[in-house]
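Okay, so here's the structure we're looking at.
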Amino acid sequence: MELQEKLKILSDAAKYDVSCSSSGSNRKNTPGGLGSASEAGICHSWTEDGRCVSLLKILFSNECVYDCVYCHNKRSNAIPRATFTPREVVELTLNFYKRNYIEGLFLSSGVVNNPDHTMEQLLEVVKRLREEKFNGYIHLKGIPGADPKLIHAAGNYVDRMSINIELPSEKSLLSLAPQKKKESILLPMASIKEEISVYKAEKKISRFTPSFLPAGQTTQMIIGASPESDLNILNLSEGLYNRFSMKRVYYSAYIPANDNSLLPSIQTKPPLLREHRLYQGDWLLRFYGFTAKELLNPANPNFDLDLDPKCFWAIENLQHFPVEINKASYEELLRIPGVGVRSAWKIIKARRVGSLDYQDLKKIGVVLKRAKYFITCKGKYYGGISLYPENIRKQLIQKPKDHQRQLSIFDLYSESILRKEAPSKVMGEL
Amino acid sequence: MLILTYDGTFEGLLTVVYECYYQKLQPQDIQVEGEKEKDFVSRYVFIDTEDEKADKVYRSIEEKISSQALKNCYYAFLSDDETRSISLYHYIRLGFKQGKAIDSFLTQEAVANLHGIMQKVVRERHRMLGLTRFVELEDGSLYGKIQPKYNILSLIAPHFAERLGSERWMIHDEGRNLLVIGTEGKWLLRDYTMKEALKVHKREAFFQSLWKEFHQSIAIKDRKNLKLQGQLMPKRYWHNLTEMQGSPPRDGEK
């Protein structure tokens, strides 16, 4: 088969993996080598769906022996199949990289023969790339069920590894992906976490310690293929962040690929707004000091599609407001709807040289559309309405046409075009 | 009304700042000589660039304000904003008064203006790190053509110098007739106008078509959002992007 045909099949097969970030690693070039990583990540192009292209995202093979119900590449689907050779992937990566098409490689694969065999092939590719002195970014999938030794060996060559959870509960996993076991996903995650902390400790003693996943590990969940609530999902994410030091959990709105009674009908539209709300909630966990149980509870197990999660929380917790801009701590500022990490920083910075009134906030570029209902400046309230939940809710609900705009997945895919500014964490998703 | 003009170099602008201090001038505006049409009512004075004076200002910004402030100034200078020179002057004036805290005075016009101008340059610099495309020439060297809004060529050069290692590479800012040539971690900037068409390597077309193929097939059709694509990757960059050549017209297809 021609290389172009293979590339077509195996990039098409990889497109539902949403992660494409190239951030978190600061790998340097070596003498005679090609490539380096950029801490904040770099987007190289954007496709027609508005998603950023940062890495050459491909499957090594889509000749999968599994038959997961939700998956486009499942064995029983009649689709074109292909498998690269390691040489081909290396050539593609080096040549794309040289032309500055990409930041590096994102390599995943269907399960060919068995998990160990597949993982060996992936290992072979990344090993060869580094032997060719390629120092660009590599994100590699760990194949659930593969020998931990293979996964660890690969970890020495690549910047980031991810093992996808795909379905947010054991029950859904059992019904939709019966060949994958919960343990085969969680065990390698735990051992990767362990290995990273060993590496970090050794690195402190000797700087010659071979690197191990400098950009950490991530995972992905499909949203809407199974019945879990946002609360289930966010709780799971919180657990993953806390227990496995996950760098990111990605959420992927389910796009019906197969007709099956266990799945939503093939006509179902992908729940993009829900996906967006989950990302907002996820951001609140990672950068805004919220916990999952503050945001959702059994009485309210799903995010409000009309209000962003922080607004929703604020309206339910009006006892914390209004907040005085000139006195609030950084953590308190972050809890004000409409105030993001960058605005909070600006407020803190500008406060050092003088107290701020309402006009000053405008001048330094804080967006007040939502924030004005929740703050005072030098003791004065500018919201113009009394602080009752129903009042504020009415003001904040977006007009229906705004929903279109909300669907913009800007928060997700533009991370790295936003400037690197303290704390670069949020923009660069370290 | 006094308007000072200079030769358009960073040293020139720093010399203007020097003269403002030592001759106690209070310019209404500072312009690059010949960039704007002169009006009848203003008094124009051209300031000759003097490296020594520029150097003095350069060092005192770094020492008395901060190296961040110096960087801000240089980035703002690379903008094409007509107010960049006078904004830089006001920023430096306030800087000498406030010292290293200058960048906290976000509510001051002088600071807000300069930051605004500078940030656009920062953003385009970052964008061009991703949006520069190289073609492989017959001799194996890499050639990239860009037409950025701001003069960011010298800002992206170090990135490619590190990354491309022992490759021989060039980036050509076509609008400004500038060229960076680099290899082995070093680079140099010079004036350049292309005289004859470049000879492209015979395998170039092959990799270009692979890249276009990839760019098409990695998109999810059910999530098609051309408006978002255009926001994140403005159309003014498209004509230098390999993957956007030969794609069907998109206007009117909303």
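Numbering starts fresh at 1 for the residues of each chain in the structure tokens, the chains themselves are lettered A, B, ... in the order given, and ligands are numbered from 1 as they appear.
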
What are the closest atom pairs, with distances in Å to one decimal, for each residue of chain B lying within 7 Å of chain A, using only C-alpha atoms, rows by chain and rising residue number, as JSON lines?
```
{"residue": "B:Ser104", "atom": "CA", "partner": "A:Ala350", "partner_atom": "CA", "distance": 5.0}
{"residue": "B:Phe105", "atom": "CA", "partner": "A:Ala350", "partner_atom": "CA", "distance": 5.8}
{"residue": "B:Leu106", "atom": "CA", "partner": "A:Ile364", "partner_atom": "CA", "distance": 5.6}
{"residue": "B:Thr107", "atom": "CA", "partner": "A:Lys363", "partner_atom": "CA", "distance": 5.7}
{"residue": "B:Arg123", "atom": "CA", "partner": "A:Arg419", "partner_atom": "CA", "distance": 6.3}
{"residue": "B:His126", "atom": "CA", "partner": "A:Ile417", "partner_atom": "CA", "distance": 6.7}
{"residue": "B:Arg127", "atom": "CA", "partner": "A:Ile417", "partner_atom": "CA", "distance": 6.5}
{"residue": "B:Gly130", "atom": "CA", "partner": "A:His44", "partner_atom": "CA", "distance": 4.0}
{"residue": "B:Leu131", "atom": "CA", "partner": "A:His44", "partner_atom": "CA", "distance": 5.5}
{"residue": "B:Thr132", "atom": "CA", "partner": "A:Asn100", "partner_atom": "CA", "distance": 6.6}
{"residue": "B:Arg133", "atom": "CA", "partner": "A:Asn100", "partner_atom": "CA", "distance": 5.5}
{"residue": "B:Phe134", "atom": "CA", "partner": "A:Arg99", "partner_atom": "CA", "distance": 4.4}
{"residue": "B:Val135", "atom": "CA", "partner": "A:Arg99", "partner_atom": "CA", "distance": 6.2}
{"residue": "B:Glu162", "atom": "CA", "partner": "A:Asn29", "partner_atom": "CA", "distance": 6.6}
{"residue": "B:Arg163", "atom": "CA", "partner": "A:Gly35", "partner_atom": "CA", "distance": 4.4}
{"residue": "B:Leu164", "atom": "CA", "partner": "A:Leu34", "partner_atom": "CA", "distance": 5.4}
{"residue": "B:Gly165", "atom": "CA", "partner": "A:Leu34", "partner_atom": "CA", "distance": 5.7}
{"residue": "B:Ser166", "atom": "CA", "partner": "A:Gly32", "partner_atom": "CA", "distance": 5.7}
{"residue": "B:Leu210", "atom": "CA", "partner": "A:Gln4", "partner_atom": "CA", "distance": 5.9}
{"residue": "B:Glu213", "atom": "CA", "partner": "A:Lys8", "partner_atom": "CA", "distance": 6.3}
{"residue": "B:Phe214", "atom": "CA", "partner": "A:Lys8", "partner_atom": "CA", "distance": 6.3}
{"residue": "B:His215", "atom": "CA", "partner": "A:Thr47", "partner_atom": "CA", "distance": 6.4}
{"residue": "B:Ser217", "atom": "CA", "partner": "A:Asp12", "partner_atom": "CA", "distance": 5.0}
{"residue": "B:Ile218", "atom": "CA", "partner": "A:Lys15", "partner_atom": "CA", "distance": 5.1}
{"residue": "B:Ala219", "atom": "CA", "partner": "A:Thr47", "partner_atom": "CA", "distance": 5.6}
{"residue": "B:Ile220", "atom": "CA", "partner": "A:Asp49", "partner_atom": "CA", "distance": 6.1}
{"residue": "B:Lys221", "atom": "CA", "partner": "A:Asp49", "partner_atom": "CA", "distance": 6.9}
{"residue": "B:Arg223", "atom": "CA", "partner": "A:Asp49", "partner_atom": "CA", "distance": 5.2}
{"residue": "B:Lys224", "atom": "CA", "partner": "A:Asp49", "partner_atom": "CA", "distance": 4.0}
{"residue": "B:Asn225", "atom": "CA", "partner": "A:Asp49", "partner_atom": "CA", "distance": 4.6}
{"residue": "B:Leu226", "atom": "CA", "partner": "A:Glu48", "partner_atom": "CA", "distance": 5.4}
{"residue": "B:Leu228", "atom": "CA", "partner": "A:Gly50", "partner_atom": "CA", "distance": 5.0}
{"residue": "B:Gln229", "atom": "CA", "partner": "A:Gly50", "partner_atom": "CA", "distance": 4.1}
{"residue": "B:Met233", "atom": "CA", "partner": "A:Trp46", "partner_atom": "CA", "distance": 6.5}
```

### Task
Quick one: pick out all strand (DSSP E) residues within range 105-182 of chain B from a backbone DSSP run and write them as an NGL selection string.
:B and (134-136 or 142-146 or 169-173 or 178-182)

### Message
as number ranges by chain, please: every residue in range 37-183 of chain A that DSSP puts in helix (DSSP H, G or I).
### Response
A: 86-98, 115-131, 148-155, 170-176, 182-183

### Query
So which one's closest to Ile146 in chain B, B:Arg93, B:Gln31, B:Tyr237, B:Thr193? Using only C-alpha atoms, please.
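That would be B:Tyr237, the residue with the smallest distance to Ile146 in chain B.
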